[in-house]
>>> print(open('my_file.cif').read())   # mmCIF, C-alpha atoms and all ligand atoms
data_model
#
loop_
_atom_site.label_atom_id
_atom_site.label_comp_id
_atom_site.auth_asym_id
_atom_site.auth_seq_id
_atom_site.Cartn_x
_atom_site.Cartn_y
_atom_site.Cartn_z
CA MET A 1 17.92 3.95 20.18
CA TYR A 2 17.83 7.52 21.37
CA TYR A 3 20.11 10.11 19.86
CA THR A 4 21.57 13.16 21.55
CA CYS A 5 21.01 16.59 20.13
CA ILE A 6 24.58 16.76 18.93
CA GLU A 7 24.23 13.53 16.99
CA ILE A 8 21.04 14.73 15.40
CA ARG A 9 22.56 18.06 14.51
CA LYS A 10 25.48 16.27 12.86
CA VAL A 11 23.16 14.20 10.73
CA ILE A 12 21.18 17.23 9.67
CA GLU A 13 24.24 19.27 8.87
CA SER A 14 25.85 16.49 6.91
CA MET A 15 22.99 16.49 4.47
CA SER A 16 23.05 18.62 1.40
CA VAL A 17 19.34 18.55 0.82
CA ASP A 18 17.18 21.59 0.35
CA ARG A 19 16.01 21.83 3.94
CA LYS A 20 13.76 24.82 3.36
CA LYS A 21 11.80 22.95 0.76
CA LEU A 22 11.59 19.89 2.98
CA GLU A 23 10.17 22.00 5.78
CA ALA A 24 7.72 23.73 3.46
CA LEU A 25 6.54 20.35 2.25
CA LEU A 26 5.98 19.05 5.77
CA LYS A 27 3.98 22.15 6.58
CA TRP A 28 1.78 21.69 3.55
CA TYR A 29 1.31 18.09 4.45
CA LYS A 30 0.33 18.97 7.99
CA GLN A 31 -2.21 21.44 6.70
CA GLU A 32 -3.86 18.85 4.49
CA ILE A 33 -3.99 16.14 7.15
CA GLY A 34 -5.39 18.36 9.88
CA GLU A 35 -5.91 17.73 13.55
CA ASN A 36 -5.36 13.98 13.58
CA LEU A 37 -1.71 14.46 12.75
CA ILE A 38 0.58 14.01 15.73
CA ALA A 39 3.87 14.28 13.89
CA THR A 40 5.69 13.67 10.65
CA LEU A 41 9.27 12.50 10.37
CA ILE A 42 11.81 11.79 7.72
CA VAL A 43 14.07 8.97 8.78
CA ASN A 44 17.17 7.60 7.12
CA ARG A 45 18.11 3.95 6.65
CA GLU A 46 19.76 3.76 10.05
CA GLY A 47 16.65 5.01 11.79
CA LEU A 48 18.03 8.47 12.46
CA VAL A 49 15.46 11.20 12.29
CA MET A 50 16.48 13.75 9.69
CA SER A 51 13.55 16.11 9.89
CA ALA A 52 10.43 16.30 11.98
CA LEU A 53 7.34 18.40 12.39
CA LYS A 54 4.91 18.20 15.26
CA GLY A 55 1.22 18.43 14.54
CA ALA A 56 0.40 20.87 17.27
CA GLU A 57 3.17 23.43 16.94
CA ASP A 58 5.12 25.06 14.19
CA THR A 59 8.51 24.56 15.76
CA GLU A 60 9.93 22.21 13.22
CA VAL A 61 13.45 20.80 13.22
CA GLU A 62 14.16 21.95 16.75
CA GLU A 63 16.21 19.34 18.51
CA ASP A 64 13.69 18.88 21.28
CA VAL A 65 10.93 18.21 18.78
CA ILE A 66 13.08 15.66 17.03
CA GLY A 67 14.08 14.11 20.33
CA GLY A 68 10.49 13.90 21.53
CA VAL A 69 9.20 12.49 18.29
CA SER A 70 12.07 10.02 18.09
CA ALA A 71 11.14 8.64 21.49
CA LEU A 72 7.55 8.36 20.38
CA VAL A 73 8.29 6.28 17.31
CA GLU A 74 11.38 4.50 18.59
CA PRO A 75 9.82 1.04 19.08
CA VAL A 76 8.30 1.14 15.62
CA LEU A 77 11.33 2.63 13.90
CA THR A 78 13.56 -0.28 14.82
CA ARG A 79 11.24 -2.63 13.01
CA ILE A 80 10.71 -0.31 10.08
CA THR A 81 14.41 0.14 9.45
CA GLU A 82 14.89 -3.62 9.63
CA GLU A 83 12.27 -4.06 6.93
CA PHE A 84 13.79 -1.22 5.00
CA SER A 85 17.27 -2.70 5.00
CA SER A 86 15.90 -5.99 3.69
CA GLY A 87 15.13 -4.15 0.47
CA SER A 88 11.55 -5.22 -0.02
CA PHE A 89 10.02 -2.12 1.43
CA GLY A 90 7.41 0.09 -0.09
CA THR A 91 4.80 1.60 2.13
CA GLY A 92 3.14 0.29 5.23
CA THR A 93 0.88 0.95 8.15
CA PHE A 94 1.29 0.08 11.77
CA ASP A 95 -0.96 0.57 14.79
CA THR A 96 -0.13 0.85 18.45
CA GLU A 97 -2.55 1.52 21.31
CA ASP A 98 -2.19 5.29 21.02
CA GLN A 99 -0.97 5.97 17.52
CA ARG A 100 -1.37 4.91 13.95
CA PHE A 101 1.68 5.04 11.71
CA ILE A 102 2.01 5.29 7.97
CA PHE A 103 5.48 4.87 6.59
CA CYS A 104 6.43 5.37 2.98
CA GLU A 105 9.72 4.77 1.28
CA ALA A 106 10.94 8.13 0.00
CA GLY A 107 13.68 7.27 -2.43
CA PRO A 108 16.63 5.01 -1.64
CA GLU A 109 17.70 6.92 1.45
CA ALA A 110 14.70 7.95 3.43
CA ILE A 111 11.43 6.85 4.96
CA PHE A 112 8.61 9.28 5.47
CA VAL A 113 6.69 8.54 8.66
CA THR A 114 3.27 9.92 9.54
CA VAL A 115 2.05 9.59 13.11
CA LEU A 116 -1.70 9.89 13.56
CA THR A 117 -4.00 9.72 16.56
CA SER A 118 -5.51 6.33 17.24
CA VAL A 119 -8.93 7.48 16.04
CA ALA A 120 -7.65 8.73 12.68
CA MET A 121 -8.63 7.02 9.47
CA VAL A 122 -5.59 5.84 7.57
CA ASP A 123 -7.18 5.52 4.15
CA PRO A 124 -7.83 9.19 3.43
CA VAL A 125 -4.33 10.08 4.62
CA PHE A 126 -2.57 7.47 2.58
CA PRO A 127 -2.71 9.21 -0.83
CA TYR A 128 -1.24 12.34 0.75
CA ALA A 129 1.52 10.38 2.45
CA TYR A 130 2.29 8.63 -0.79
CA LEU A 131 2.47 11.90 -2.69
CA ALA A 132 4.58 13.58 -0.01
CA ALA A 133 7.01 10.65 -0.02
CA GLU A 134 7.45 10.94 -3.76
CA LYS A 135 8.17 14.63 -3.41
CA ILE A 136 10.62 14.02 -0.58
CA ALA A 137 12.46 11.51 -2.75
CA ARG A 138 12.78 14.19 -5.43
CA ILE A 139 14.07 16.75 -2.96
CA PHE A 140 16.73 14.30 -1.81
CA ASP A 141 17.67 13.72 -5.44
CA GLY A 142 18.11 17.43 -5.95
CA ARG A 143 15.40 17.45 -8.57
CA THR A 144 13.00 20.33 -8.88
CA VAL A 145 9.72 19.79 -7.14
CA SER A 146 6.98 21.96 -5.77
CA PRO A 147 6.52 21.60 -2.01
CA VAL A 148 2.80 22.14 -2.41
CA ILE A 149 0.61 19.19 -1.50
CA PRO A 150 -2.55 19.61 -3.53
CA LYS A 151 -5.94 18.75 -2.17
CA LEU A 152 -6.80 15.28 -3.37
CA VAL A 153 -10.30 14.13 -4.08
CA THR A 154 -11.93 12.99 -0.88
CA GLU A 155 -14.96 10.88 -0.35
CA LYS A 156 -17.03 13.72 1.06
CA GLU A 157 -16.63 15.90 -1.97
CA THR A 158 -17.55 13.18 -4.41
CA LYS A 159 -20.51 11.66 -2.62
CA ASN A 160 -22.98 12.80 -5.22
CA ILE A 161 -21.20 11.31 -8.15
CA GLU A 162 -21.43 7.59 -7.87
CA ARG A 163 -18.57 6.68 -10.13
CA LYS A 164 -16.30 9.26 -8.57
CA LEU A 165 -16.85 7.69 -5.18
CA ASP A 166 -14.41 5.06 -6.30
CA THR A 167 -11.62 7.53 -6.83
CA LEU A 168 -10.60 7.91 -3.21
CA GLN A 169 -7.58 5.70 -3.64
CA LYS A 170 -7.08 6.55 -7.27
CA ILE A 171 -4.33 9.08 -7.44
CA LYS A 172 -4.01 10.52 -10.86
CA VAL A 173 -0.25 10.79 -10.98
CA GLN A 174 0.04 12.00 -14.55
CA SER A 175 -2.46 12.03 -17.30
CA GLY A 176 -2.93 8.49 -18.49
CA GLU A 177 -1.52 7.06 -15.29
CA TYR A 178 -3.80 5.72 -12.61
CA ALA A 179 -3.20 4.27 -9.19
CA PHE A 180 -5.61 1.80 -7.67
CA LYS A 181 -5.68 0.17 -4.30
CA LEU A 182 -5.44 -3.58 -4.75
CA ILE A 183 -6.11 -6.05 -1.97
CA LEU A 184 -5.84 -9.82 -1.68
CA GLY A 185 -8.39 -12.12 -0.12
CA GLY A 186 -8.14 -15.78 0.81
CA GLU A 187 -7.01 -18.02 3.64
CA GLY A 188 -3.52 -17.94 5.11
CA GLY A 189 -0.91 -19.93 3.24
CA VAL A 190 -2.60 -19.93 -0.17
CA GLY A 191 0.23 -17.85 -1.63
CA LYS A 192 -1.01 -14.25 -1.60
CA THR A 193 2.28 -12.74 -0.47
CA SER A 194 4.19 -15.01 -2.84
CA MET A 195 2.07 -13.86 -5.76
CA VAL A 196 2.69 -10.22 -4.94
CA HIS A 197 6.44 -10.74 -4.65
CA ARG A 198 6.53 -12.67 -7.89
CA PHE A 199 4.63 -9.91 -9.61
CA VAL A 200 6.44 -6.95 -8.08
CA GLU A 201 10.02 -8.17 -8.03
CA ASP A 202 9.88 -11.47 -9.90
CA SER A 203 11.21 -13.49 -7.02
CA PHE A 204 10.04 -16.44 -4.96
CA GLN A 205 11.11 -17.39 -1.48
CA THR A 206 9.96 -20.43 0.36
CA ASP A 207 10.16 -18.67 3.67
CA TYR A 208 8.84 -15.13 4.01
CA LYS A 209 9.29 -13.32 7.24
CA SER A 210 5.94 -11.83 8.01
CA THR A 211 5.72 -8.17 7.23
CA ILE A 212 4.77 -5.70 9.91
CA GLY A 213 1.16 -4.65 9.70
CA THR A 214 0.22 -4.10 6.14
CA SER A 215 2.94 -3.98 3.59
CA ILE A 216 2.18 -1.86 0.60
CA MET A 217 3.95 -2.12 -2.72
CA LYS A 218 3.46 -0.39 -6.01
CA LYS A 219 3.81 -1.78 -9.47
CA GLU A 220 2.85 -0.51 -12.86
CA CYS A 221 1.20 -2.36 -15.69
CA ASP A 222 1.80 -1.09 -19.19
CA PHE A 223 -0.07 -2.18 -22.22
CA GLN A 224 1.30 -2.06 -25.71
CA GLY A 225 -0.65 0.24 -27.93
CA LEU A 226 -2.47 1.78 -24.98
CA GLU A 227 -1.53 5.11 -23.57
CA SER A 228 -2.95 4.36 -20.16
CA LYS A 229 -0.83 2.87 -17.45
CA VAL A 230 -2.24 1.21 -14.39
CA ARG A 231 -0.34 1.52 -11.18
CA PHE A 232 -1.41 -0.90 -8.51
CA VAL A 233 -0.85 0.05 -4.92
CA ILE A 234 -0.94 -3.45 -3.50
CA TRP A 235 -1.87 -3.85 0.14
CA ASP A 236 -0.71 -7.15 1.53
CA LEU A 237 -2.03 -7.91 4.98
CA ALA A 238 0.27 -9.89 7.25
CA GLY A 239 -0.95 -12.62 9.57
CA GLN A 240 -3.28 -10.48 11.65
CA ALA A 241 -6.34 -10.84 9.42
CA GLN A 242 -8.27 -12.03 12.47
CA PHE A 243 -8.51 -8.49 13.81
CA LYS A 244 -11.66 -6.94 12.50
CA ARG A 245 -10.40 -3.36 12.76
CA VAL A 246 -7.29 -4.10 10.74
CA ARG A 247 -9.31 -5.96 8.16
CA GLN A 248 -11.80 -3.15 7.74
CA THR A 249 -9.08 -0.60 7.01
CA TYR A 250 -7.40 -3.06 4.75
CA LEU A 251 -10.48 -3.88 2.72
CA SER A 252 -12.08 -0.47 2.59
CA ASN A 253 -11.86 1.74 -0.47
CA ALA A 254 -10.16 -0.93 -2.49
CA GLU A 255 -10.82 -0.77 -6.18
CA ALA A 256 -9.24 -4.01 -7.24
CA GLY A 257 -8.93 -7.34 -5.54
CA ILE A 258 -7.66 -10.85 -6.07
CA LEU A 259 -9.38 -13.78 -4.40
CA VAL A 260 -6.85 -16.56 -4.01
CA TYR A 261 -7.20 -20.21 -3.08
CA ASP A 262 -4.74 -23.09 -3.04
CA VAL A 263 -5.63 -25.85 -5.54
CA THR A 264 -4.16 -28.41 -3.13
CA ARG A 265 -6.37 -27.40 -0.19
CA LYS A 266 -10.13 -27.81 -0.48
CA ASP A 267 -10.88 -25.72 2.61
CA THR A 268 -9.24 -22.67 1.05
CA PHE A 269 -11.56 -23.06 -1.93
CA GLU A 270 -14.64 -23.52 0.20
CA SER A 271 -14.02 -20.40 2.26
CA LEU A 272 -13.76 -18.14 -0.78
CA GLU A 273 -17.44 -17.25 -0.90
CA ASN A 274 -17.14 -15.79 2.59
CA TRP A 275 -14.16 -13.72 1.53
CA PHE A 276 -16.11 -12.60 -1.49
CA LYS A 277 -19.04 -11.49 0.66
CA GLU A 278 -16.92 -9.64 3.18
CA ILE A 279 -14.92 -7.82 0.51
CA ARG A 280 -17.99 -6.87 -1.46
CA SER A 281 -19.79 -5.66 1.63
CA THR A 282 -16.84 -3.42 2.49
CA SER A 283 -15.99 -2.23 -1.02
CA SER A 284 -19.16 -2.78 -2.98
CA SER A 285 -17.90 -1.73 -6.38
CA ILE A 286 -14.52 -3.45 -6.26
CA SER A 287 -13.30 -5.29 -9.38
CA LEU A 288 -12.33 -8.83 -8.46
CA ILE A 289 -10.75 -11.82 -10.11
CA LEU A 290 -10.50 -15.40 -8.89
CA VAL A 291 -7.15 -17.20 -8.79
CA GLY A 292 -6.34 -20.86 -8.15
CA ASN A 293 -2.69 -20.89 -7.06
CA LYS A 294 0.02 -23.59 -6.65
CA ILE A 295 -0.72 -25.43 -9.91
CA ASP A 296 2.93 -26.57 -9.93
CA LEU A 297 1.93 -29.10 -7.25
CA GLU A 298 0.10 -31.24 -9.79
CA ASP A 299 0.13 -34.46 -7.77
CA ASN A 300 -1.46 -32.82 -4.76
CA ARG A 301 -4.22 -31.07 -6.60
CA VAL A 302 -7.68 -31.54 -5.11
CA VAL A 303 -9.65 -28.70 -6.73
CA SER A 304 -10.11 -29.16 -10.47
CA SER A 305 -10.05 -26.41 -13.07
CA ASN A 306 -13.73 -27.08 -13.70
CA GLU A 307 -14.61 -26.44 -10.09
CA GLY A 308 -12.66 -23.18 -10.16
CA GLU A 309 -14.40 -22.09 -13.33
CA SER A 310 -17.85 -22.89 -11.96
CA LEU A 311 -17.25 -20.82 -8.85
CA ALA A 312 -15.99 -17.95 -10.97
CA GLU A 313 -19.08 -18.17 -13.11
CA LYS A 314 -21.32 -18.22 -10.08
CA LEU A 315 -19.65 -15.11 -8.62
CA ASN A 316 -19.38 -13.51 -12.06
CA LEU A 317 -15.60 -13.19 -11.96
CA SER A 318 -12.74 -13.88 -14.34
CA TYR A 319 -10.71 -16.94 -13.44
CA ILE A 320 -7.07 -17.82 -13.88
CA GLU A 321 -4.74 -20.51 -12.48
CA THR A 322 -1.24 -19.61 -11.35
CA SER A 323 1.96 -20.72 -9.70
CA ALA A 324 3.84 -18.11 -7.71
CA LYS A 325 6.65 -20.66 -7.52
CA THR A 326 7.25 -21.03 -11.25
CA GLY A 327 5.74 -17.66 -12.11
CA GLU A 328 3.21 -19.20 -14.45
CA ASN A 329 0.34 -16.80 -15.25
CA ILE A 330 1.20 -14.42 -12.40
CA ASN A 331 1.72 -11.42 -14.66
CA ASP A 332 -1.35 -12.35 -16.63
CA ALA A 333 -3.47 -12.44 -13.51
CA PHE A 334 -2.50 -8.88 -12.59
CA LYS A 335 -2.81 -7.74 -16.19
CA MET A 336 -6.26 -9.23 -16.43
CA LEU A 337 -7.25 -7.16 -13.45
CA ALA A 338 -5.47 -4.06 -14.78
CA LEU A 339 -7.43 -4.34 -17.99
CA GLN A 340 -10.66 -4.51 -16.05
CA MET A 341 -9.60 -1.31 -14.29
CA ILE A 342 -8.78 0.44 -17.54
CA LYS A 343 -12.07 -0.57 -19.06
CA ARG A 344 -13.94 0.59 -16.06
CA TYR A 345 -12.25 3.81 -15.01
CA VAL A 346 -10.18 5.11 -17.85
CA PHE A 347 -12.63 4.66 -20.64
CA THR A 348 -15.75 5.50 -18.69
CA GLU A 349 -14.15 8.68 -17.39
CA GLU A 350 -13.75 10.05 -20.88
CA VAL A 351 -17.42 9.57 -21.70
P1 LIG B 401 -0.22 -16.17 2.17
O1 LIG B 401 -0.40 -16.50 3.60
O2 LIG B 401 -1.47 -16.38 1.39
O3 LIG B 401 0.40 -14.83 1.94
O4 LIG B 401 0.81 -17.26 1.57
P2 LIG B 401 2.39 -17.16 1.34
O5 LIG B 401 2.67 -16.37 0.12
O6 LIG B 401 3.05 -16.75 2.58
O7 LIG B 401 2.73 -18.68 0.97
C1 LIG B 401 2.49 -19.73 1.87
C2 LIG B 401 3.41 -20.88 1.52
O8 LIG B 401 3.07 -21.42 0.24
C3 LIG B 401 4.87 -20.50 1.42
O9 LIG B 401 5.64 -21.50 1.95
C4 LIG B 401 5.12 -20.37 -0.07
O10 LIG B 401 6.46 -20.62 -0.39
C5 LIG B 401 4.19 -21.41 -0.64
N1 LIG B 401 3.70 -21.09 -1.98
C6 LIG B 401 3.13 -19.94 -2.38
N2 LIG B 401 2.79 -20.00 -3.67
C7 LIG B 401 3.17 -21.21 -4.13
C8 LIG B 401 3.08 -21.89 -5.40
O11 LIG B 401 2.60 -21.37 -6.41
N3 LIG B 401 3.58 -23.16 -5.46
C9 LIG B 401 4.13 -23.77 -4.37
N4 LIG B 401 4.59 -25.00 -4.54
N5 LIG B 401 4.21 -23.17 -3.16
C10 LIG B 401 3.76 -21.92 -3.03
MG MG B 402 0.88 -13.32 3.35
#
>>> encode(input="my_file.cif", output="structure tokens", more="lines below")
Ligand code: GDP
Ligand code: MG
Amino acid sequence: MYYTCIEIRKVIESMSVDRKKLEALLKWYKQEIGENLIATLIVNREGLVMSALKGAEDTEVEEDVIGGVSALVEPVLTRITEEFSSGSFGTGTFDTEDQRFIFCEAGPEAIFVTVLTSVAMVDPVFPYAYLAAEKIARIFDGRTVSPVIPKLVTEKETKNIERKLDTLQKIKVQSGEYAFKLILGGEGGVGKTSMVHRFVEDSFQTDYKSTIGTSIMKKECDFQGLESKVRFVIWDLAGQAQFKRVRQTYLSNAEAGILVYDVTRKDTFESLENWFKEIRSTSSSISLILVGNKIDLEDNRVVSSNEGESLAEKLNLSYIETSAKTGENINDAFKMLALQMIKRYVFTEEV
């Protein structure tokens, strides 16, 4: 998948987007990310690069830059666009030997790709990528948007204020709207991905193709009578949880987490304390809840509700039982966690 300059030019010219604004936005983005940025790209559904900016130079949208960057991301792009065309795409990360990629859906037509050096930290970049993608989506829609990427709160600046340390992943989108990084812990096969899909798009599939790297989805929780909205940015780790480096990035700076076990598999229940310890040691102030999933399989149940409740009590967590298959209690599980977040961040912040 390598496109000639003429093909690229055609794609660019066929678009009626505000190119100047797009370029200004990419420049702002580059400035905020700094030296670890190798390139940024905006890619359409077919995997064609629509706009690109190299980290090192200021020669954006030149065909050779686009060509070079396309070659760089080509192996990854094929997979990204496959995911993208399947519809269930939000935001994700992907690592190769030499680069780290962050890709964010930017409206229905485009994906915003960030290419970082292999030593870069993904977590601090993610809020910027997320914000830039939202702005790109607006530019494509022809809506008014400022190309300025504001400086977001970073860990360094907030070190002295303990509570504020937790705000790294919390992007205040509008007043009363909060975004939190949510992660899932628990053994493979307990239903973590199924729970997320049930919650985010109210669907259940018996056979999920594994997502590339980490798949990231967003979903809002509203509460009647409350002005505050909680937006979860849910990070779902695919099958590579055995890699320590991936797991560290995944777990770090999370503000909310769900510990899941399968009520029909004792081993998944027994390993939860280890998950609890690892998550807490990585994100010490994370809000967690405990979930026993697959309660629709009544005949196969081997972990009783009492056992689940006792563990929750021991770890000082709220407990709920769910079925991602029937949907029972799935929304309530996420809402329970959202309420904890509101209590903790929204109300305490106003004090
Ligand atoms: P993960 O590895 O924890 O992400 O687990 P998955 O979400 O991939 O689910 C593993 C398997 O369990 C899949 O075949 C799902 O269809 C199935 N599964 C997930 N949740 C439920 C549930 O609530 N009830 C039943 N019966 N099966 C489920
Ligand atoms: Mg999964």
>>> closest_residue(input="my_file.cif", among="A:Lys343, A:Lys335, A:Lys314, A:Arg265", to="ligand LIG 401 (chain B)", atoms="only C-alpha atoms and all ligand atoms")
A:Arg265
>>> atom_distance(input="my_file.cif", atom1="CA of Lys325 in chain A", atom2="CA of Glu278 in chain A")
28.1 Å
>>> residues_around(input="my_file.cif", residues="Ala110 in chain A", least_positions_apart="6", cutoff="9 Å", atoms="only C-alpha atoms", output="list in words")
Ile42, Val43, Asn44, Arg45, Met50, Cys104, Ala133, Ile136, Ala137 and Phe140 of chain A
>>> closest_atom_pairs(input="my_file.cif", of="chain A", to="ligand LIG 401 (chain B)", cutoff="9 Å", atoms="all atoms listed in the file", output="CSV")
residue,atom,partner,partner_atom,distance
A:Leu184,CA,B:LIG401,O2,8.5
A:Gly185,CA,B:LIG401,O2,8.3
A:Gly186,CA,B:LIG401,O2,6.7
A:Glu187,CA,B:LIG401,O2,6.2
A:Gly188,CA,B:LIG401,O1,3.8
A:Gly189,CA,B:LIG401,O1,3.5
A:Val190,CA,B:LIG401,O2,4.0
A:Gly191,CA,B:LIG401,O4,3.3
A:Lys192,CA,B:LIG401,O2,3.7
A:Thr193,CA,B:LIG401,O5,3.7
A:Ser194,CA,B:LIG401,O5,3.6
A:Met195,CA,B:LIG401,O5,6.4
A:Val196,CA,B:LIG401,O5,8.0
A:His197,CA,B:LIG401,O5,8.3
A:Phe204,CA,B:LIG401,O10,7.2
A:Gln205,CA,B:LIG401,O10,5.8
A:Thr206,CA,B:LIG401,O10,3.6
A:Asp207,CA,B:LIG401,O9,5.6
A:Tyr208,CA,B:LIG401,O6,6.2
A:Lys209,CA,B:LIG401,O6,8.5
A:Ser210,CA,B:LIG401,O6,7.9
A:Asp236,CA,B:LIG401,O3,7.8
A:Leu237,CA,B:LIG401,O3,7.9
A:Ala238,CA,B:LIG401,O3,7.3
A:Gly239,CA,B:LIG401,O1,7.1
A:Val260,CA,B:LIG401,O2,7.6
A:Tyr261,CA,B:LIG401,O2,8.2
A:Asp262,CA,B:LIG401,N2,8.2
A:Asn293,CA,B:LIG401,O11,5.4
A:Lys294,CA,B:LIG401,O11,3.4
A:Ile295,CA,B:LIG401,O11,6.3
A:Asp296,CA,B:LIG401,N3,5.7
A:Leu297,CA,B:LIG401,N4,5.6
A:Thr322,CA,B:LIG401,O11,6.5
A:Ser323,CA,B:LIG401,O11,3.4
A:Ala324,CA,B:LIG401,O11,3.7
A:Lys325,CA,B:LIG401,O11,4.3
A:Thr326,CA,B:LIG401,O11,6.7
A:Gly327,CA,B:LIG401,O11,7.5
A:Glu328,CA,B:LIG401,O11,8.4
>>> closest_residue(input="my_file.cif", among="A:Glu309, A:Ile111, A:Ile183, A:Leu25", to="ligand MG 402 (chain B)", atoms="all atoms listed in the file")
A:Ile183
